[in-house]
Amino acid sequence: MKLSADLQAFSKRLGHDFDRPELLIRALTHGSMSSQTRPDNQRLEFLGDRVLGLVMAEALLAADKGASEGLLAPRFNALVRKETCADVARQVDLGAVLKLGRSEQMSGGRRKEALLGDAMEAVIAAVFLDGGLMAAQAVILTLWGERIQTVEEDARDPKTALQEWAQARKMPPPSYTETARSGPDHAPEFTIEVTLQNGRSASATAKSKRGAEQDAAKTLLSKLGG
């Protein structure tokens, strides 16, 4: 089996030449396009998540030999979470080569964060099965690049940090309210306002509700000096 020109170009962007091209094709096949003869990427996604976790855990230990588990854990979570995987997927233009059913294509599947993140994990598994752990490690470390060195000292997500800030002051958890939604159905943008019991609030807009909530929490923490 020979890869099409667009998949050869994608393989080059990954930095891995596949001896078993069918693995890459499967990694890029979404459930909406699967069939008995064309399996989807869900099983590879499951494996890729574990391979990514192993490589990233080792990389973090090597990057900061004195860090405690309490610091390493949130950094790890920040580097392997779905949003980061989707960001890396966009970096290599994975969406352009995703194999999607028509309905998923029409609904903007090539830009959906969850689909991109899942497919990136599946691609990691494909590299692992094709070339082994060293090959997967090389791809991951190259694609994640400076993210490993620049991940925040305390990488707790802003929503968690804001909730802990409120709890420390005996306040109830912050409330999040969707105040606006714009853009077409296949690529909406959400505006979320976060409010504390003391009336302090902040808003943010992003392509997902979770992203907007995180950005709003981060903005409010900055206002609070936290």
# chains A, B, ... in the order shown; residues from 1 in each chain; ligands from 1
>>> select_by_dssp(residues="chain A", states="strand (DSSP E)", output="list in words")
Ser175, Tyr176, Thr177, Glu178, Thr179, Ala180, Arg181, Ser182, Glu189, Phe190, Thr191, Ile192, Glu193, Val194, Thr195, Ser201, Ala202, Ser203, Ala204, Thr205 and Ala206 of chain A
>>> residues_around(residues="Met171 (chain A)", least_positions_apart="6", cutoff="10 Å", atoms="only C-alpha atoms", output="JSON, numbers by chain")
{"A": [163, 164, 165, 196, 197, 198]}
>>> write_last_selection(atoms="C-alpha atoms", output="CSV table (one decimal), in the first residue's frame")
chain,number,residue,atom,x,y,z
A,163,GLN,CA,-12.1,27.5,42.7
A,164,GLU,CA,-9.3,27.0,45.2
A,165,TRP,CA,-8.9,30.7,45.6
A,196,LEU,CA,-17.6,35.2,42.4
A,197,GLN,CA,-19.8,35.7,45.4
A,198,ASN,CA,-18.2,39.0,46.1
>>> residues_around(residues="Pro39 (chain A)", least_positions_apart="3", cutoff="12 Å", atoms="only C-alpha atoms", output="short mmCIF file (atom, residue, chain, number, x, y, z; two decimals) with N, CA and C atoms, in the first residue's frame")
data_model
loop_
_atom_site.label_atom_id
_atom_site.label_comp_id
_atom_site.auth_asym_id
_atom_site.auth_seq_id
_atom_site.Cartn_x
_atom_site.Cartn_y
_atom_site.Cartn_z
N GLU A 22 -0.87 1.55 6.25
CA GLU A 22 -2.25 1.33 6.69
C GLU A 22 -2.49 1.81 8.12
N LEU A 23 -1.43 1.85 8.92
CA LEU A 23 -1.57 2.35 10.29
C LEU A 23 -1.91 3.84 10.31
N LEU A 24 -1.25 4.60 9.46
CA LEU A 24 -1.54 6.04 9.39
C LEU A 24 -2.96 6.26 8.86
N ILE A 25 -3.35 5.51 7.86
CA ILE A 25 -4.69 5.67 7.31
C ILE A 25 -5.74 5.37 8.38
N ARG A 26 -5.53 4.32 9.14
CA ARG A 26 -6.49 4.01 10.20
C ARG A 26 -6.51 5.10 11.27
N ALA A 27 -5.35 5.64 11.61
CA ALA A 27 -5.27 6.69 12.64
C ALA A 27 -6.04 7.93 12.24
N LEU A 28 -6.17 8.15 10.95
CA LEU A 28 -6.84 9.35 10.45
C LEU A 28 -8.29 9.12 10.07
N THR A 29 -8.81 7.90 10.33
CA THR A 29 -10.18 7.56 9.96
C THR A 29 -11.12 7.72 11.15
N HIS A 30 -11.99 8.70 11.07
CA HIS A 30 -12.98 8.95 12.12
C HIS A 30 -14.11 7.93 12.03
N GLY A 31 -14.80 7.75 13.13
CA GLY A 31 -15.90 6.79 13.19
C GLY A 31 -16.98 7.02 12.15
N SER A 32 -17.16 8.28 11.74
CA SER A 32 -18.19 8.61 10.75
C SER A 32 -17.84 8.09 9.36
N MET A 33 -16.59 7.64 9.19
CA MET A 33 -16.12 7.16 7.89
C MET A 33 -15.77 5.67 7.94
N SER A 34 -15.92 5.04 9.10
CA SER A 34 -15.48 3.66 9.26
C SER A 34 -16.47 2.68 8.64
N SER A 35 -15.97 1.47 8.39
CA SER A 35 -16.80 0.38 7.87
C SER A 35 -16.12 -0.92 8.24
N GLN A 36 -16.68 -2.04 7.80
CA GLN A 36 -16.08 -3.34 8.10
C GLN A 36 -14.69 -3.45 7.49
N GLN A 42 -10.44 4.64 16.97
CA GLN A 42 -10.68 4.68 18.41
C GLN A 42 -9.71 3.82 19.21
N ARG A 43 -9.41 2.64 18.73
CA ARG A 43 -8.48 1.77 19.46
C ARG A 43 -7.07 2.37 19.46
N LEU A 44 -6.69 2.97 18.34
CA LEU A 44 -5.38 3.62 18.28
C LEU A 44 -5.33 4.83 19.21
N LYS A 99 -10.10 11.66 7.67
CA LYS A 99 -11.08 10.98 6.82
C LYS A 99 -12.41 10.97 7.57
#
>>> residues_around(residues="region 46-56 of chain A", least_positions_apart="3", cutoff="6 Å", atoms="only C-alpha atoms", output="PDB file with N, CA and C atoms, in the first residue's frame")
ATOM      1  N   ARG A  43      -9.410   2.638  18.734  1.00  0.00           N
ATOM      2  CA  ARG A  43      -8.479   1.769  19.460  1.00  0.00           C
ATOM      3  C   ARG A  43      -7.069   2.369  19.456  1.00  0.00           C
ATOM      4  N   ALA A  59       9.921  12.896  29.881  1.00  0.00           N
ATOM      5  CA  ALA A  59      10.473  14.177  29.454  1.00  0.00           C
ATOM      6  C   ALA A  59      10.431  15.209  30.581  1.00  0.00           C
ATOM      7  N   GLU A 121      -3.708  11.662  19.024  1.00  0.00           N
ATOM      8  CA  GLU A 121      -3.335  10.513  19.856  1.00  0.00           C
ATOM      9  C   GLU A 121      -3.263   9.235  19.023  1.00  0.00           C
ATOM     10  N   ALA A 122      -4.205   9.079  18.089  1.00  0.00           N
ATOM     11  CA  ALA A 122      -4.209   7.894  17.232  1.00  0.00           C
ATOM     12  C   ALA A 122      -2.973   7.864  16.334  1.00  0.00           C
ATOM     13  N   ILE A 124      -0.066   9.148  17.050  1.00  0.00           N
ATOM     14  CA  ILE A 124       1.057   8.754  17.915  1.00  0.00           C
ATOM     15  C   ILE A 124       1.111   7.235  18.045  1.00  0.00           C
ATOM     16  N   ALA A 125      -0.048   6.609  18.218  1.00  0.00           N
ATOM     17  CA  ALA A 125      -0.094   5.151  18.319  1.00  0.00           C
ATOM     18  C   ALA A 125       0.361   4.505  17.025  1.00  0.00           C
ATOM     19  N   GLN A 137       8.656   8.523  20.494  1.00  0.00           N
ATOM     20  CA  GLN A 137       9.259   9.527  21.370  1.00  0.00           C
ATOM     21  C   GLN A 137       9.844  10.676  20.553  1.00  0.00           C
TER      22      GLN A 137
END
>>> residues_around(residues="Val88 (chain A)", least_positions_apart="3", cutoff="8 Å", atoms="only C-alpha atoms", output="count of residues only")
7
>>> select_by_dssp(residues="region 33-63 of chain A", states="alpha helix (DSSP H)", output="MDAnalysis selection string")
chainID A and resid 42:63
>>> write_last_selection(atoms="N, CA and C atoms", output="PDB file, in the first residue's frame")
ATOM      1  N   GLN A  42     -10.441   4.641  16.970  1.00  0.00           N
ATOM      2  CA  GLN A  42     -10.685   4.682  18.411  1.00  0.00           C
ATOM      3  C   GLN A  42      -9.706   3.816  19.211  1.00  0.00           C
ATOM      4  N   ARG A  43      -9.410   2.638  18.734  1.00  0.00           N
ATOM      5  CA  ARG A  43      -8.479   1.769  19.460  1.00  0.00           C
ATOM      6  C   ARG A  43      -7.069   2.369  19.456  1.00  0.00           C
ATOM      7  N   LEU A  44      -6.694   2.974  18.339  1.00  0.00           N
ATOM      8  CA  LEU A  44      -5.380   3.624  18.283  1.00  0.00           C
ATOM      9  C   LEU A  44      -5.334   4.831  19.209  1.00  0.00           C
ATOM     10  N   GLU A  45      -6.439   5.553  19.301  1.00  0.00           N
ATOM     11  CA  GLU A  45      -6.499   6.697  20.220  1.00  0.00           C
ATOM     12  C   GLU A  45      -6.232   6.241  21.655  1.00  0.00           C
ATOM     13  N   PHE A  46      -6.813   5.123  22.043  1.00  0.00           N
ATOM     14  CA  PHE A  46      -6.623   4.574  23.387  1.00  0.00           C
ATOM     15  C   PHE A  46      -5.144   4.290  23.645  1.00  0.00           C
ATOM     16  N   LEU A  47      -4.484   3.682  22.680  1.00  0.00           N
ATOM     17  CA  LEU A  47      -3.064   3.366  22.835  1.00  0.00           C
ATOM     18  C   LEU A  47      -2.208   4.621  22.800  1.00  0.00           C
ATOM     19  N   GLY A  48      -2.518   5.518  21.879  1.00  0.00           N
ATOM     20  CA  GLY A  48      -1.716   6.730  21.737  1.00  0.00           C
ATOM     21  C   GLY A  48      -1.723   7.594  22.976  1.00  0.00           C
ATOM     22  N   ASP A  49      -2.843   7.629  23.658  1.00  0.00           N
ATOM     23  CA  ASP A  49      -2.938   8.389  24.905  1.00  0.00           C
ATOM     24  C   ASP A  49      -1.920   7.869  25.920  1.00  0.00           C
ATOM     25  N   ARG A  50      -1.764   6.551  25.987  1.00  0.00           N
ATOM     26  CA  ARG A  50      -0.816   5.949  26.953  1.00  0.00           C
ATOM     27  C   ARG A  50       0.625   6.161  26.514  1.00  0.00           C
ATOM     28  N   VAL A  51       0.889   6.073  25.223  1.00  0.00           N
ATOM     29  CA  VAL A  51       2.250   6.309  24.731  1.00  0.00           C
ATOM     30  C   VAL A  51       2.653   7.757  24.992  1.00  0.00           C
ATOM     31  N   LEU A  52       1.758   8.678  24.690  1.00  0.00           N
ATOM     32  CA  LEU A  52       2.029  10.092  24.948  1.00  0.00           C
ATOM     33  C   LEU A  52       2.311  10.319  26.423  1.00  0.00           C
ATOM     34  N   GLY A  53       1.513   9.709  27.291  1.00  0.00           N
ATOM     35  CA  GLY A  53       1.700   9.884  28.724  1.00  0.00           C
ATOM     36  C   GLY A  53       3.057   9.400  29.194  1.00  0.00           C
ATOM     37  N   LEU A  54       3.489   8.243  28.708  1.00  0.00           N
ATOM     38  CA  LEU A  54       4.781   7.697  29.108  1.00  0.00           C
ATOM     39  C   LEU A  54       5.922   8.609  28.657  1.00  0.00           C
ATOM     40  N   VAL A  55       5.880   9.012  27.390  1.00  0.00           N
ATOM     41  CA  VAL A  55       6.949   9.866  26.860  1.00  0.00           C
ATOM     42  C   VAL A  55       6.987  11.202  27.587  1.00  0.00           C
ATOM     43  N   MET A  56       5.814  11.769  27.853  1.00  0.00           N
ATOM     44  CA  MET A  56       5.772  13.082  28.490  1.00  0.00           C
ATOM     45  C   MET A  56       6.215  13.012  29.941  1.00  0.00           C
ATOM     46  N   ALA A  57       5.847  11.948  30.641  1.00  0.00           N
ATOM     47  CA  ALA A  57       6.283  11.799  32.032  1.00  0.00           C
ATOM     48  C   ALA A  57       7.806  11.735  32.112  1.00  0.00           C
ATOM     49  N   GLU A  58       8.399  10.962  31.222  1.00  0.00           N
ATOM     50  CA  GLU A  58       9.867  10.855  31.213  1.00  0.00           C
ATOM     51  C   GLU A  58      10.507  12.189  30.851  1.00  0.00           C
ATOM     52  N   ALA A  59       9.921  12.896  29.881  1.00  0.00           N
ATOM     53  CA  ALA A  59      10.473  14.177  29.454  1.00  0.00           C
ATOM     54  C   ALA A  59      10.431  15.209  30.581  1.00  0.00           C
ATOM     55  N   LEU A  60       9.350  15.213  31.346  1.00  0.00           N
ATOM     56  CA  LEU A  60       9.229  16.164  32.451  1.00  0.00           C
ATOM     57  C   LEU A  60      10.229  15.850  33.562  1.00  0.00           C
ATOM     58  N   LEU A  61      10.440  14.583  33.833  1.00  0.00           N
ATOM     59  CA  LEU A  61      11.432  14.208  34.839  1.00  0.00           C
ATOM     60  C   LEU A  61      12.824  14.653  34.407  1.00  0.00           C
ATOM     61  N   ALA A  62      13.116  14.506  33.121  1.00  0.00           N
ATOM     62  CA  ALA A  62      14.429  14.904  32.614  1.00  0.00           C
ATOM     63  C   ALA A  62      14.589  16.418  32.582  1.00  0.00           C
ATOM     64  N   ALA A  63      13.486  17.129  32.320  1.00  0.00           N
ATOM     65  CA  ALA A  63      13.551  18.585  32.199  1.00  0.00           C
ATOM     66  C   ALA A  63      13.745  19.276  33.539  1.00  0.00           C
TER      67      ALA A  63
END
>>> closest_residue(among="A:Lys223, A:Ala180, A:Thr150, A:Ala114", to="Asp64 (chain A)", atoms="only C-alpha atoms")
A:Thr150
>>> closest_residue(among="A:Glu213, A:Asp40, A:Glu69, A:Asp93", to="Lys12 (chain A)", atoms="only C-alpha atoms")
A:Asp93
>>> atom_distance(atom1="CA of Lys218 (chain A)", atom2="CA of Lys112 (chain A)")
22.8 Å
>>> atom_distance(atom1="CA of Ala138 (chain A)", atom2="CA of Arg111 (chain A)")
25.9 Å
>>> closest_residue(among="A:Phe76, A:Phe190, A:Tyr176, A:Phe128", to="Gly211 (chain A)", atoms="only C-alpha atoms")
A:Phe190
>>> residues_around(residues="Leu7 (chain A)", least_positions_apart="2", cutoff="10 Å", atoms="only C-alpha atoms", output="ChimeraX atom specification")
/A:2-5,9-13,21,24-25,28,94,96-98
>>> closest_residue(among="A:Ser175, A:Thr219, A:Gln214, A:Asn41", to="Ala126 (chain A)", atoms="only C-alpha atoms")
A:Asn41
>>> residues_around(residues="Thr142 (chain A)", least_positions_apart="6", cutoff="10 Å", atoms="only C-alpha atoms", output="list of chain:residue names")
A:Leu14, A:Gly15, A:Ala136
>>> closest_residue(among="A:Glu189, A:Asp17, A:Asp87, A:Asp130", to="Arg210 (chain A)", atoms="only C-alpha atoms")
A:Glu189
>>> closest_residue(among="A:Ala86, A:Ala135, A:Ala212, A:Ala78", to="Leu116 (chain A)", atoms="only C-alpha atoms")
A:Ala86
>>> atom_distance(atom1="CA of Gly66 (chain A)", atom2="CA of Glu146 (chain A)")
19.2 Å
>>> decode(residues="region 73-110 of chain A", atoms="N, CA and C atoms", output="short mmCIF file (atom, residue, chain, number, x, y, z; two decimals), in the first residue's frame")
data_model
loop_
_atom_site.label_atom_id
_atom_site.label_comp_id
_atom_site.auth_asym_id
_atom_site.auth_seq_id
_atom_site.Cartn_x
_atom_site.Cartn_y
_atom_site.Cartn_z
N ALA A 73 2.76 16.76 38.30
CA ALA A 73 1.43 16.29 37.90
C ALA A 73 0.65 17.33 37.10
N PRO A 74 0.53 18.58 37.58
CA PRO A 74 -0.21 19.55 36.78
C PRO A 74 0.48 19.90 35.47
N ARG A 75 1.80 19.89 35.43
CA ARG A 75 2.50 20.12 34.17
C ARG A 75 2.17 19.01 33.18
N PHE A 76 2.19 17.78 33.68
CA PHE A 76 1.87 16.62 32.85
C PHE A 76 0.46 16.76 32.28
N ASN A 77 -0.48 17.09 33.14
CA ASN A 77 -1.87 17.22 32.69
C ASN A 77 -2.01 18.29 31.62
N ALA A 78 -1.27 19.39 31.78
CA ALA A 78 -1.33 20.48 30.80
C ALA A 78 -0.80 20.06 29.44
N LEU A 79 0.19 19.17 29.43
CA LEU A 79 0.83 18.77 28.19
C LEU A 79 0.10 17.65 27.45
N VAL A 80 -0.66 16.83 28.17
CA VAL A 80 -1.32 15.70 27.51
C VAL A 80 -2.83 15.91 27.33
N ARG A 81 -3.37 17.00 27.82
CA ARG A 81 -4.81 17.19 27.72
C ARG A 81 -5.23 17.37 26.26
N LYS A 82 -6.52 17.17 26.02
CA LYS A 82 -7.04 17.16 24.66
C LYS A 82 -6.78 18.47 23.92
N GLU A 83 -6.86 19.59 24.63
CA GLU A 83 -6.64 20.88 23.98
C GLU A 83 -5.23 21.00 23.44
N THR A 84 -4.26 20.49 24.19
CA THR A 84 -2.87 20.55 23.74
C THR A 84 -2.66 19.63 22.54
N CYS A 85 -3.24 18.44 22.60
CA CYS A 85 -3.14 17.52 21.46
C CYS A 85 -3.76 18.15 20.22
N ALA A 86 -4.89 18.83 20.38
CA ALA A 86 -5.54 19.48 19.24
C ALA A 86 -4.68 20.62 18.70
N ASP A 87 -4.01 21.34 19.59
CA ASP A 87 -3.13 22.42 19.17
C ASP A 87 -1.97 21.88 18.33
N VAL A 88 -1.40 20.76 18.77
CA VAL A 88 -0.33 20.12 18.01
C VAL A 88 -0.87 19.62 16.66
N ALA A 89 -2.09 19.08 16.66
CA ALA A 89 -2.71 18.62 15.42
C ALA A 89 -2.85 19.76 14.42
N ARG A 90 -3.26 20.94 14.92
CA ARG A 90 -3.37 22.10 14.03
C ARG A 90 -1.99 22.51 13.50
N GLN A 91 -0.99 22.36 14.33
CA GLN A 91 0.39 22.71 13.96
C GLN A 91 0.85 21.93 12.73
N VAL A 92 0.44 20.67 12.62
CA VAL A 92 0.84 19.83 11.48
C VAL A 92 -0.29 19.70 10.45
N ASP A 93 -1.33 20.52 10.60
CA ASP A 93 -2.46 20.54 9.67
C ASP A 93 -3.09 19.16 9.53
N LEU A 94 -3.30 18.50 10.66
CA LEU A 94 -3.90 17.17 10.65
C LEU A 94 -5.33 17.20 10.12
N GLY A 95 -6.05 18.27 10.41
CA GLY A 95 -7.45 18.36 9.99
C GLY A 95 -7.62 18.19 8.49
N ALA A 96 -6.64 18.63 7.72
CA ALA A 96 -6.74 18.57 6.26
C ALA A 96 -6.74 17.14 5.74
N VAL A 97 -6.19 16.20 6.51
CA VAL A 97 -6.10 14.81 6.04
C VAL A 97 -7.00 13.85 6.81
N LEU A 98 -7.82 14.37 7.72
CA LEU A 98 -8.77 13.51 8.43
C LEU A 98 -9.78 12.92 7.47
N LYS A 99 -10.10 11.66 7.67
CA LYS A 99 -11.08 10.98 6.82
C LYS A 99 -12.41 10.97 7.57
N LEU A 100 -13.34 11.81 7.11
CA LEU A 100 -14.61 12.03 7.80
C LEU A 100 -15.78 11.69 6.90
N GLY A 101 -16.89 11.27 7.52
CA GLY A 101 -18.13 11.10 6.78
C GLY A 101 -18.67 12.45 6.36
N ARG A 102 -19.58 12.45 5.42
CA ARG A 102 -20.08 13.71 4.86
C ARG A 102 -20.72 14.60 5.92
N SER A 103 -21.53 14.00 6.79
CA SER A 103 -22.21 14.83 7.79
C SER A 103 -21.21 15.49 8.74
N GLU A 104 -20.17 14.75 9.10
CA GLU A 104 -19.15 15.31 9.98
C GLU A 104 -18.36 16.41 9.27
N GLN A 105 -18.11 16.22 7.99
CA GLN A 105 -17.43 17.27 7.22
C GLN A 105 -18.27 18.53 7.18
N MET A 106 -19.56 18.36 6.94
CA MET A 106 -20.46 19.51 6.82
C MET A 106 -20.59 20.27 8.12
N SER A 107 -20.41 19.58 9.24
CA SER A 107 -20.54 20.24 10.55
C SER A 107 -19.22 20.79 11.06
N GLY A 108 -18.21 20.85 10.18
CA GLY A 108 -16.94 21.45 10.57
C GLY A 108 -16.02 20.54 11.35
N GLY A 109 -16.13 19.22 11.10
CA GLY A 109 -15.35 18.25 11.86
C GLY A 109 -13.85 18.44 11.79
N ARG A 110 -13.36 18.98 10.68
CA ARG A 110 -11.91 19.15 10.54
C ARG A 110 -11.35 20.20 11.49
#
